[in-house]
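What follows is a set of notes on a single structure, which appears directly below.
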Amino acid sequence: MEAADYEVLSVREQLFHERVRECIISTLLFATLYILCHIALTHFKKPAEFTTVDDEDATVNKIALELCTFTLAVALGAVLLLPFSIISNEVLLSLPRNYYIQWLNGSLIHGLWNLVFLFSNLSLIFLMPFAYFFTESEGFAGSRKGVLGRVYETVVMLMLLTLLVLGMVWVASAIVDNNKASRESLYDFWEYYLPYLYSCISFLGVLLLLVCTPLGLARMFSVTGKLLVKPRLLEDLEEQLYCSAFEEAALTRRICSELQFFLAGMMGMAWAGAVPSSLSSDPTSCWLPLDMELLHRQVLALQTQRVLLEKRRKASAWQRNLGYPLAMLCLLVLTGLSVLIVAIHILELLIDEAAMPRGMQDASLGQVSFSKLGSFGAVIQVVLIFYLMVSSVMGFYSSPLFRGLRPRWHDTAMTQIIGNCVCLLVLSSALPVFSRTLGLTRFDLLGDFGRFNWLGNFYIVFLYNAAFAGLTTLCLVKTFTAAVRAELIRAFGLDRLPLPVSGFPRASKKAQHQ
């Protein structure tokens, strides 16, 4: 063989080893995310659905849980996708010829973007509908009972749903773009239909982020105030402990009195022969009124609140006087910085066409920093991306429309887990597009993420940035200033004055007499 042939074989062998290495790294990363998501879902699932007498239902729920774990791992991967790419670029800039980071290259990053896009399509269009129909199916009438019968019914329902969605997307494309070429392109299922459908889902996710993120940014201040110990100027723990103990004692006396009255009535009925002797031997077995259970839950909630208040009272002076102000200051700085970056990006959109979000087919990493401040700016970008994602999730679960989807510890039904996974995947898969559209980073979208048609529309991008800046500023000013004024008024006892205070509820007459 000639030298040229040996060079070709050497290049092919090197390319083969690079592909194998990228597959191993991608598998290890996804396996780590899968294990973390499985642990999280295990703590939220309802144990009764997996330990039922019917082994068939337990098997179906286990299969659906694994599909939800896969979807949640893809959602977590979509969240980490853009920060991982930004950090990788800065690492390659700082250590361009380091032997131990040769595995970190543009081909790996580009492959991760394509995998997240592929698995997002697979989860949203096939796996999650399959999981939902699988848990709700019972098998066709007349067929043999078992898991296989449920699989047949689920596959049929999934095929019908696919045809329905395909027809709706085809009609929508014909209405929006009355072009024969665009309609014929939808016949190519893999190349055009799935990216087009995912573009619609991504646009829905970006709109959902536009609504939920300002709500979450405003909610972050109140949640932080509940978790951290406030200074004594803003919080009187002794009064709260006294009120909690007083309410607990009152509820306990009420429970005892109602229980005595109920037992006396049951004994009287048993003596008169109105109830069977089996109930008279144990009158508290299952005949207690529903109010008793409600009162018992209220007592348990008050006891938990009192324990938390005791812990907060024992907090050190550093935690009380330094932790809360620093946390509030950090939240204010991050929120203000986000609005400032978006405002600057709006001006750049009016001046420079290069500020528009666009796709990038070749991931050229390690050549130039995507921030004007270098590595420090890249760290700020990553922190802002995570901060806005956490705020969007908090705003999503705080909104009245999706509050019912909020998962509960060891008490979340399987259908509710499926709904949560779908919503989180929609939000997380839209995060790269959301971040690039707002100008939080200069890192262009890789792979099919940059093929969305609406990204090239100047009016959509401009109005989106303006709406985000306006809504965030409005929520920030309203929530932050109102919360500070309310805390100051309560701290100085002005809410107990007979004079009404504008914007704040006056204490009740009963509280004023106390």
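Labels used: A, B, ... for chains in the order of the structure tokens, numbers from 1 for residues in each chain, and numbers from 1 for ligands as shown.
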Neighbour list for region 337-348 of chain A as a PDB file with N, CA and C atoms, in the first residue's frame, cut-off 8 Å, only C-alpha atoms, skip fewer than 2 positions in-chain:
```pdb
ATOM      1  N   VAL A 333     -29.861  42.250  42.338  1.00  0.00           N
ATOM      2  CA  VAL A 333     -28.794  42.484  41.360  1.00  0.00           C
ATOM      3  C   VAL A 333     -28.983  41.590  40.137  1.00  0.00           C
ATOM      4  N   LEU A 334     -29.292  40.311  40.340  1.00  0.00           N
ATOM      5  CA  LEU A 334     -29.480  39.391  39.213  1.00  0.00           C
ATOM      6  C   LEU A 334     -30.674  39.798  38.362  1.00  0.00           C
ATOM      7  N   THR A 335     -31.757  40.189  39.015  1.00  0.00           N
ATOM      8  CA  THR A 335     -32.934  40.601  38.251  1.00  0.00           C
ATOM      9  C   THR A 335     -32.672  41.904  37.499  1.00  0.00           C
ATOM     10  N   LEU A 350     -31.959  47.422  17.165  1.00  0.00           N
ATOM     11  CA  LEU A 350     -32.299  48.581  16.327  1.00  0.00           C
ATOM     12  C   LEU A 350     -31.117  49.082  15.515  1.00  0.00           C
ATOM     13  N   ILE A 351     -29.895  48.790  15.972  1.00  0.00           N
ATOM     14  CA  ILE A 351     -28.695  49.337  15.311  1.00  0.00           C
ATOM     15  C   ILE A 351     -28.019  48.302  14.429  1.00  0.00           C
ATOM     16  N   ASP A 352     -27.806  47.086  14.994  1.00  0.00           N
ATOM     17  CA  ASP A 352     -26.983  46.080  14.316  1.00  0.00           C
ATOM     18  C   ASP A 352     -27.833  44.854  14.006  1.00  0.00           C
ATOM     19  N   GLU A 353     -27.798  44.418  12.754  1.00  0.00           N
ATOM     20  CA  GLU A 353     -28.534  43.229  12.350  1.00  0.00           C
ATOM     21  C   GLU A 353     -27.904  41.950  12.902  1.00  0.00           C
ATOM     22  N   ALA A 355     -27.220  41.288  15.825  1.00  0.00           N
ATOM     23  CA  ALA A 355     -27.772  40.950  17.141  1.00  0.00           C
ATOM     24  C   ALA A 355     -28.935  39.978  17.055  1.00  0.00           C
ATOM     25  N   LEU A 384     -26.962  33.762  35.109  1.00  0.00           N
ATOM     26  CA  LEU A 384     -28.239  34.351  34.702  1.00  0.00           C
ATOM     27  C   LEU A 384     -29.140  33.326  34.034  1.00  0.00           C
ATOM     28  N   LEU A 438     -33.148  36.778  23.991  1.00  0.00           N
ATOM     29  CA  LEU A 438     -33.035  37.931  24.890  1.00  0.00           C
ATOM     30  C   LEU A 438     -31.640  38.536  24.900  1.00  0.00           C
ATOM     31  N   GLY A 439     -30.686  37.899  24.247  1.00  0.00           N
ATOM     32  CA  GLY A 439     -29.335  38.440  24.222  1.00  0.00           C
ATOM     33  C   GLY A 439     -28.544  38.184  25.487  1.00  0.00           C
ATOM     34  N   LEU A 440     -28.959  37.185  26.283  1.00  0.00           N
ATOM     35  CA  LEU A 440     -28.201  36.859  27.486  1.00  0.00           C
ATOM     36  C   LEU A 440     -26.838  36.282  27.168  1.00  0.00           C
ATOM     37  N   PHE A 462     -38.034  41.594  18.448  1.00  0.00           N
ATOM     38  CA  PHE A 462     -38.029  42.902  19.113  1.00  0.00           C
ATOM     39  C   PHE A 462     -39.162  43.014  20.122  1.00  0.00           C
ATOM     40  N   ASN A 465     -38.449  40.884  23.263  1.00  0.00           N
ATOM     41  CA  ASN A 465     -37.515  41.529  24.192  1.00  0.00           C
ATOM     42  C   ASN A 465     -38.182  42.674  24.947  1.00  0.00           C
ATOM     43  N   ALA A 466     -38.961  43.478  24.247  1.00  0.00           N
ATOM     44  CA  ALA A 466     -39.628  44.607  24.902  1.00  0.00           C
ATOM     45  C   ALA A 466     -40.653  44.120  25.921  1.00  0.00           C
ATOM     46  N   ALA A 469     -38.760  42.803  29.079  1.00  0.00           N
ATOM     47  CA  ALA A 469     -38.218  43.888  29.898  1.00  0.00           C
ATOM     48  C   ALA A 469     -39.327  44.635  30.625  1.00  0.00           C
ATOM     49  N   THR A 472     -40.996  42.241  33.406  1.00  0.00           N
ATOM     50  CA  THR A 472     -40.079  42.010  34.526  1.00  0.00           C
ATOM     51  C   THR A 472     -39.922  43.259  35.381  1.00  0.00           C
ATOM     52  N   THR A 473     -39.787  44.408  34.732  1.00  0.00           N
ATOM     53  CA  THR A 473     -39.663  45.657  35.489  1.00  0.00           C
ATOM     54  C   THR A 473     -40.924  45.940  36.290  1.00  0.00           C
TER      55      THR A 473
END
```
Note to self: Need to verify the contact set: Thr213 (chain A), 6 Å, only C-alpha atoms, exclusion of same-chain residues closer than 5 positions in sequence. Can you return it as a list of chain:residue names?
What the structure shows: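 Close residues of Thr213 (chain A): A:Ser391, A:Ser392, A:Gly395.
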Could you write out the selected residues, including N, CA, C and O atoms, as a PDB file, in the first residue's frame?
```pdb
ATOM      1  N   SER A 391     -36.400  30.681  38.065  1.00  0.00           N
ATOM      2  CA  SER A 391     -37.506  31.624  38.214  1.00  0.00           C
ATOM      3  C   SER A 391     -38.691  31.233  37.345  1.00  0.00           C
ATOM      4  O   SER A 391     -39.856  31.358  37.779  1.00  0.00           O
ATOM      5  N   SER A 392     -38.433  30.762  36.141  1.00  0.00           N
ATOM      6  CA  SER A 392     -39.528  30.353  35.262  1.00  0.00           C
ATOM      7  C   SER A 392     -40.270  29.146  35.826  1.00  0.00           C
ATOM      8  O   SER A 392     -41.503  29.070  35.761  1.00  0.00           O
ATOM      9  N   GLY A 395     -42.324  30.436  38.718  1.00  0.00           N
ATOM     10  CA  GLY A 395     -43.485  31.152  38.208  1.00  0.00           C
ATOM     11  C   GLY A 395     -44.502  30.233  37.569  1.00  0.00           C
ATOM     12  O   GLY A 395     -45.713  30.479  37.647  1.00  0.00           O
TER      13      GLY A 395
END
```
Check: In terms of the shortest atom-to-atom distance over only C-alpha atoms, which of A:Pro83, A:Gly77, A:Gly139, A:Pro325 is closest to Val383 (chain A)?
Finding: A:Pro83
Margin query: Could you list, as a PyMOL selection string, every residue within 12 Å of Leu72 (chain A), counting only C-alpha atoms and ignoring same-chain residues fewer than 3 positions away?
Written below: chain A and resi 30+33-41+65-69+75-79+116+119-120+123-124+127-128+417-429
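One finds CA of Leu204 (chain A) at 15.2 Å from CA of Phe468 (chain A).
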Where in region 122-176 of chain A does DSSP assign alpha helix (DSSP H), given as a compact mmCIF listing (two decimals) with N, CA, C and O atoms, in the first residue's frame?
```txt
# COMPACT_ATOMS: atom_id res chain seq x y z
N LEU A 122 -38.49 13.01 20.39
CA LEU A 122 -38.94 11.66 20.70
C LEU A 122 -39.81 11.64 21.95
O LEU A 122 -40.84 10.95 22.00
N MET A 128 -44.10 10.46 25.82
CA MET A 128 -45.05 10.94 26.82
C MET A 128 -46.50 10.65 26.46
O MET A 128 -47.28 10.24 27.33
N PRO A 129 -46.93 10.82 25.19
CA PRO A 129 -48.29 10.35 24.86
C PRO A 129 -48.46 8.85 25.06
O PRO A 129 -49.51 8.40 25.53
N PHE A 130 -47.41 8.07 24.74
CA PHE A 130 -47.48 6.63 24.97
C PHE A 130 -47.63 6.33 26.46
O PHE A 130 -48.42 5.46 26.85
N ALA A 131 -46.87 7.02 27.30
CA ALA A 131 -46.95 6.78 28.75
C ALA A 131 -48.34 7.11 29.28
O ALA A 131 -48.89 6.39 30.12
N TYR A 132 -48.93 8.21 28.81
CA TYR A 132 -50.25 8.59 29.30
C TYR A 132 -51.32 7.59 28.85
O TYR A 132 -52.13 7.12 29.67
N PHE A 133 -51.33 7.26 27.56
CA PHE A 133 -52.32 6.30 27.07
C PHE A 133 -52.10 4.92 27.67
O PHE A 133 -53.06 4.17 27.88
N PHE A 134 -50.85 4.60 27.97
CA PHE A 134 -50.54 3.29 28.55
C PHE A 134 -51.11 3.16 29.97
O PHE A 134 -51.63 2.12 30.35
N THR A 135 -51.00 4.24 30.76
CA THR A 135 -51.54 4.19 32.12
C THR A 135 -53.07 4.22 32.14
O THR A 135 -53.68 3.69 33.07
N GLU A 136 -53.69 4.82 31.12
CA GLU A 136 -55.15 4.92 31.07
C GLU A 136 -55.81 3.77 30.32
O GLU A 136 -57.03 3.64 30.37
N VAL A 147 -50.52 -6.93 30.07
CA VAL A 147 -49.78 -5.75 29.63
C VAL A 147 -49.75 -5.65 28.12
O VAL A 147 -49.82 -4.56 27.55
N LEU A 148 -49.68 -6.80 27.43
CA LEU A 148 -49.61 -6.79 25.98
C LEU A 148 -50.88 -6.21 25.35
O LEU A 148 -50.81 -5.48 24.36
N GLY A 149 -52.03 -6.52 25.93
CA GLY A 149 -53.28 -5.94 25.43
C GLY A 149 -53.31 -4.44 25.59
O GLY A 149 -53.80 -3.71 24.72
N ARG A 150 -52.76 -3.94 26.69
CA ARG A 150 -52.68 -2.49 26.88
C ARG A 150 -51.72 -1.86 25.88
O ARG A 150 -51.94 -0.74 25.42
N VAL A 151 -50.65 -2.58 25.55
CA VAL A 151 -49.70 -2.05 24.57
C VAL A 151 -50.36 -1.92 23.21
O VAL A 151 -50.19 -0.89 22.51
N TYR A 152 -51.17 -2.90 22.79
CA TYR A 152 -51.87 -2.83 21.51
C TYR A 152 -52.81 -1.62 21.47
O TYR A 152 -52.82 -0.86 20.49
N GLU A 153 -53.58 -1.43 22.53
CA GLU A 153 -54.50 -0.29 22.56
C GLU A 153 -53.73 1.03 22.55
O GLU A 153 -54.12 1.99 21.87
N THR A 154 -52.63 1.10 23.28
CA THR A 154 -51.84 2.34 23.33
C THR A 154 -51.23 2.66 21.98
O THR A 154 -51.20 3.83 21.56
N VAL A 155 -50.74 1.65 21.27
CA VAL A 155 -50.14 1.88 19.95
C VAL A 155 -51.18 2.39 18.96
O VAL A 155 -50.92 3.31 18.18
N VAL A 156 -52.38 1.82 19.02
CA VAL A 156 -53.45 2.27 18.12
C VAL A 156 -53.83 3.73 18.42
O VAL A 156 -53.97 4.56 17.51
N MET A 157 -53.97 4.05 19.70
CA MET A 157 -54.30 5.42 20.08
C MET A 157 -53.19 6.39 19.69
O MET A 157 -53.45 7.52 19.24
N LEU A 158 -51.94 5.96 19.82
CA LEU A 158 -50.82 6.82 19.46
C LEU A 158 -50.77 7.06 17.95
O LEU A 158 -50.47 8.18 17.50
N MET A 159 -51.08 6.05 17.16
CA MET A 159 -51.12 6.22 15.71
C MET A 159 -52.23 7.19 15.30
O MET A 159 -52.02 8.06 14.43
N LEU A 160 -53.38 7.07 15.93
CA LEU A 160 -54.48 8.00 15.62
C LEU A 160 -54.11 9.43 16.02
O LEU A 160 -54.41 10.38 15.28
N LEU A 161 -53.47 9.57 17.17
CA LEU A 161 -53.05 10.91 17.60
C LEU A 161 -52.00 11.49 16.65
O LEU A 161 -52.03 12.69 16.33
N THR A 162 -51.09 10.65 16.17
CA THR A 162 -50.06 11.12 15.23
C THR A 162 -50.69 11.61 13.94
O THR A 162 -50.32 12.65 13.39
N LEU A 163 -51.66 10.85 13.42
CA LEU A 163 -52.34 11.28 12.20
C LEU A 163 -53.10 12.58 12.42
O LEU A 163 -53.11 13.47 11.55
N LEU A 164 -53.72 12.72 13.58
CA LEU A 164 -54.46 13.95 13.88
C LEU A 164 -53.52 15.15 13.95
O LEU A 164 -53.79 16.20 13.34
N VAL A 165 -52.42 15.00 14.67
CA VAL A 165 -51.47 16.12 14.79
C VAL A 165 -50.83 16.43 13.45
O VAL A 165 -50.63 17.60 13.09
N LEU A 166 -50.50 15.39 12.67
CA LEU A 166 -49.92 15.60 11.35
C LEU A 166 -50.86 16.39 10.45
O LEU A 166 -50.45 17.32 9.75
N GLY A 167 -52.15 16.03 10.49
CA GLY A 167 -53.12 16.77 9.68
C GLY A 167 -53.28 18.21 10.12
O GLY A 167 -53.37 19.12 9.29
N MET A 168 -53.30 18.43 11.44
CA MET A 168 -53.43 19.80 11.95
C MET A 168 -52.23 20.66 11.56
O MET A 168 -52.38 21.83 11.17
N VAL A 169 -51.03 20.08 11.66
CA VAL A 169 -49.83 20.84 11.29
C VAL A 169 -49.81 21.12 9.79
O VAL A 169 -49.42 22.21 9.35
N TRP A 170 -50.23 20.18 8.99
CA TRP A 170 -50.27 20.37 7.53
C TRP A 170 -51.24 21.47 7.16
O TRP A 170 -50.95 22.34 6.32
N VAL A 171 -52.42 21.47 7.80
CA VAL A 171 -53.41 22.50 7.53
C VAL A 171 -52.91 23.87 8.01
O VAL A 171 -53.08 24.90 7.32
N ALA A 172 -52.27 23.88 9.21
CA ALA A 172 -51.75 25.15 9.72
C ALA A 172 -50.67 25.72 8.81
O ALA A 172 -50.61 26.93 8.57
N SER A 173 -49.82 24.84 8.28
CA SER A 173 -48.79 25.31 7.36
C SER A 173 -49.40 25.85 6.07
O SER A 173 -48.92 26.84 5.52
N ALA A 174 -50.46 25.20 5.59
CA ALA A 174 -51.10 25.68 4.37
C ALA A 174 -51.77 27.03 4.58
O ALA A 174 -51.82 27.86 3.67
N ILE A 175 -52.30 27.26 5.81
CA ILE A 175 -52.97 28.53 6.08
C ILE A 175 -51.95 29.66 6.25
O ILE A 175 -52.10 30.75 5.72
N VAL A 176 -50.88 29.37 7.01
CA VAL A 176 -49.88 30.41 7.29
C VAL A 176 -49.07 30.75 6.05
O VAL A 176 -48.86 31.91 5.71
```
Next item on the list: Name the closest residue to Gly374 (chain A) among the candidates A:Ser398, A:Thr252, A:Gln416, A:Ser94; distances are taken between atoms, counting only C-alpha atoms.
Entry: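 Among the listed residues, the smallest separation from Gly374 (chain A) belongs to A:Ser94.
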Notebook entry, point to check: Just how far from CA of Thr32 (chain A) is CA of Glu13 (chain A), in Å to one decimal?
Noted result: 28.8 Å
